[in-house]
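Data first, discussion second: the structure below is written as structure tokens.
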Amino acid sequence: MVLRPVSGRLDDIDAVCLRLFLEFEDAFDLDWTHLLRLRREVYQTGRMLLEMDPERHDSLRQLLYPPAPTDTRMRRLAPVTPSPFVLQMRQPTWQHLEPGDVLPLDFLLIGRGRFLAHSFITLVGALGNRGLFHDHGRFALVQASAVDPDGRETSVWRADTPWREPAWPLFRLWSADVPLRPITLEFLTPARILSRGKPLFRPDLRHLVMAMTRRVSSLVYSWCDVDLFDNVRDYLNELPDTSPQGDLVWQ
């Protein structure tokens, strides 16, 4: 099956990988669940910066609170525009960090989100003054690198150098022809799915597919100018089986 966007091209769905190096100032026992809650800590820090100096941090506001789509159909699909940064989670791990230890974290910045990279670096640097989790684990952000699809790093920022917009190596996130085949999805992060404003505690696969479709559609529409679906439900009904089949195993 070939997906043909309503507007834009699948090749326009891209991202950059930004690797941040956190040098810890305090001893800290890092549990992978701390990283699952990192977005909340980042938003709390962002709100603090905006309250202190709202005029100075206009690009930070664009990063954390991007405007809702003007298209009424997209607003119905996803009334809140998602932020363009996505933490690249590795396998769950536990790590004891001593002062001076450096922790690298990879983030994808989707589409035009790469032009807000400096604001994101500033935001994570401010988080270091508070701590990675609940005011614990203070760190200094010492370096940021761009990682290309082959895994090669290029330094784009250091704590003692001014910011210059780099020539970003791009990741193409969507193949023009996505083959239909059985897949297994493993969720490393908490997934909350809402229906009519209320959380579903044991959603079925159709709920899951709809939630993922809304999220991805809104993300690439807002940050890559690609409108994937004229009508999401019509597209799902065109699948070989109109009801996704399989099992969800909750742990």
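Labels for the structure tokens follow display order: chains A, B, ..., residues from 1 in each chain, ligands from 1.
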Stretch 8-226 of chain A: residues DSSP assigns to helix (DSSP H, G or I), reported as an MDAnalysis selection string: chainID A and resid 10:12 32:36 38:52 58:64 72:77 111:130 205:224
Residue contacts of A:Arg158 (7 Å, only C-alpha atoms) excluding same-chain residues fewer than 3 positions away, as a list in words: Val142, Gln143, Ala144 and Thr161 of chain A
Residue neighbourhood A:Tyr43, 12 Å, only C-alpha atoms, exclusion window fewer than 2 positions, as a PDB file with C-alpha atoms, in the first residue's frame:
```
ATOM      1  CA  ARG A  37       9.420  11.911  33.170  1.00  0.00           C
ATOM      2  CA  LEU A  38      11.964  14.210  31.565  1.00  0.00           C
ATOM      3  CA  ARG A  39       9.374  16.030  29.443  1.00  0.00           C
ATOM      4  CA  ARG A  40       7.530  17.150  32.577  1.00  0.00           C
ATOM      5  CA  GLU A  41      10.759  18.466  34.120  1.00  0.00           C
ATOM      6  CA  THR A  45      11.786  24.671  33.619  1.00  0.00           C
ATOM      7  CA  GLY A  46      10.402  26.289  30.475  1.00  0.00           C
ATOM      8  CA  ARG A  47       7.476  27.835  32.348  1.00  0.00           C
ATOM      9  CA  MET A  48       9.920  29.253  34.893  1.00  0.00           C
ATOM     10  CA  LEU A  49      12.041  30.866  32.149  1.00  0.00           C
ATOM     11  CA  LEU A  50       8.988  32.323  30.420  1.00  0.00           C
ATOM     12  CA  LEU A  60      11.166  28.985  23.621  1.00  0.00           C
ATOM     13  CA  ARG A  61       7.422  29.633  23.617  1.00  0.00           C
ATOM     14  CA  LEU A  63       9.109  25.256  21.083  1.00  0.00           C
ATOM     15  CA  LEU A  64       6.948  24.391  24.087  1.00  0.00           C
ATOM     16  CA  TYR A  65       3.607  25.937  23.141  1.00  0.00           C
ATOM     17  CA  SER A  83       6.318  19.971  20.541  1.00  0.00           C
ATOM     18  CA  PHE A  85      11.452  17.192  20.333  1.00  0.00           C
ATOM     19  CA  PHE A 120      16.158  23.622  23.326  1.00  0.00           C
ATOM     20  CA  LEU A 123      16.208  24.989  28.099  1.00  0.00           C
ATOM     21  CA  VAL A 124      18.089  21.796  28.978  1.00  0.00           C
ATOM     22  CA  ALA A 126      18.548  25.674  32.651  1.00  0.00           C
ATOM     23  CA  LEU A 127      17.148  22.316  33.744  1.00  0.00           C
TER      24      LEU A 127
END
```
List as a list in words the protein and nucleic acid residues near A:Val16, meaning an atom at most 6 Å away when only C-alpha atoms are counted, but skip any in the same chain fewer than 3 places from it. Leu108, Leu109, Leu170 and Phe171 of chain A
Any idea what the distance is between atom CA of A:Arg4 and atom CA of A:Arg76? 21.0 Å
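The coordinates place atom CA of A:Arg9 at 14.4 Å from atom CA of A:Leu219.
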Using only C-alpha atoms, which residues sit within 7 Å of A:Gly137 once same-chain residues fewer than 3 positions away are excluded, as a PyMOL selection string? chain A and resi 24+26-28+131-133
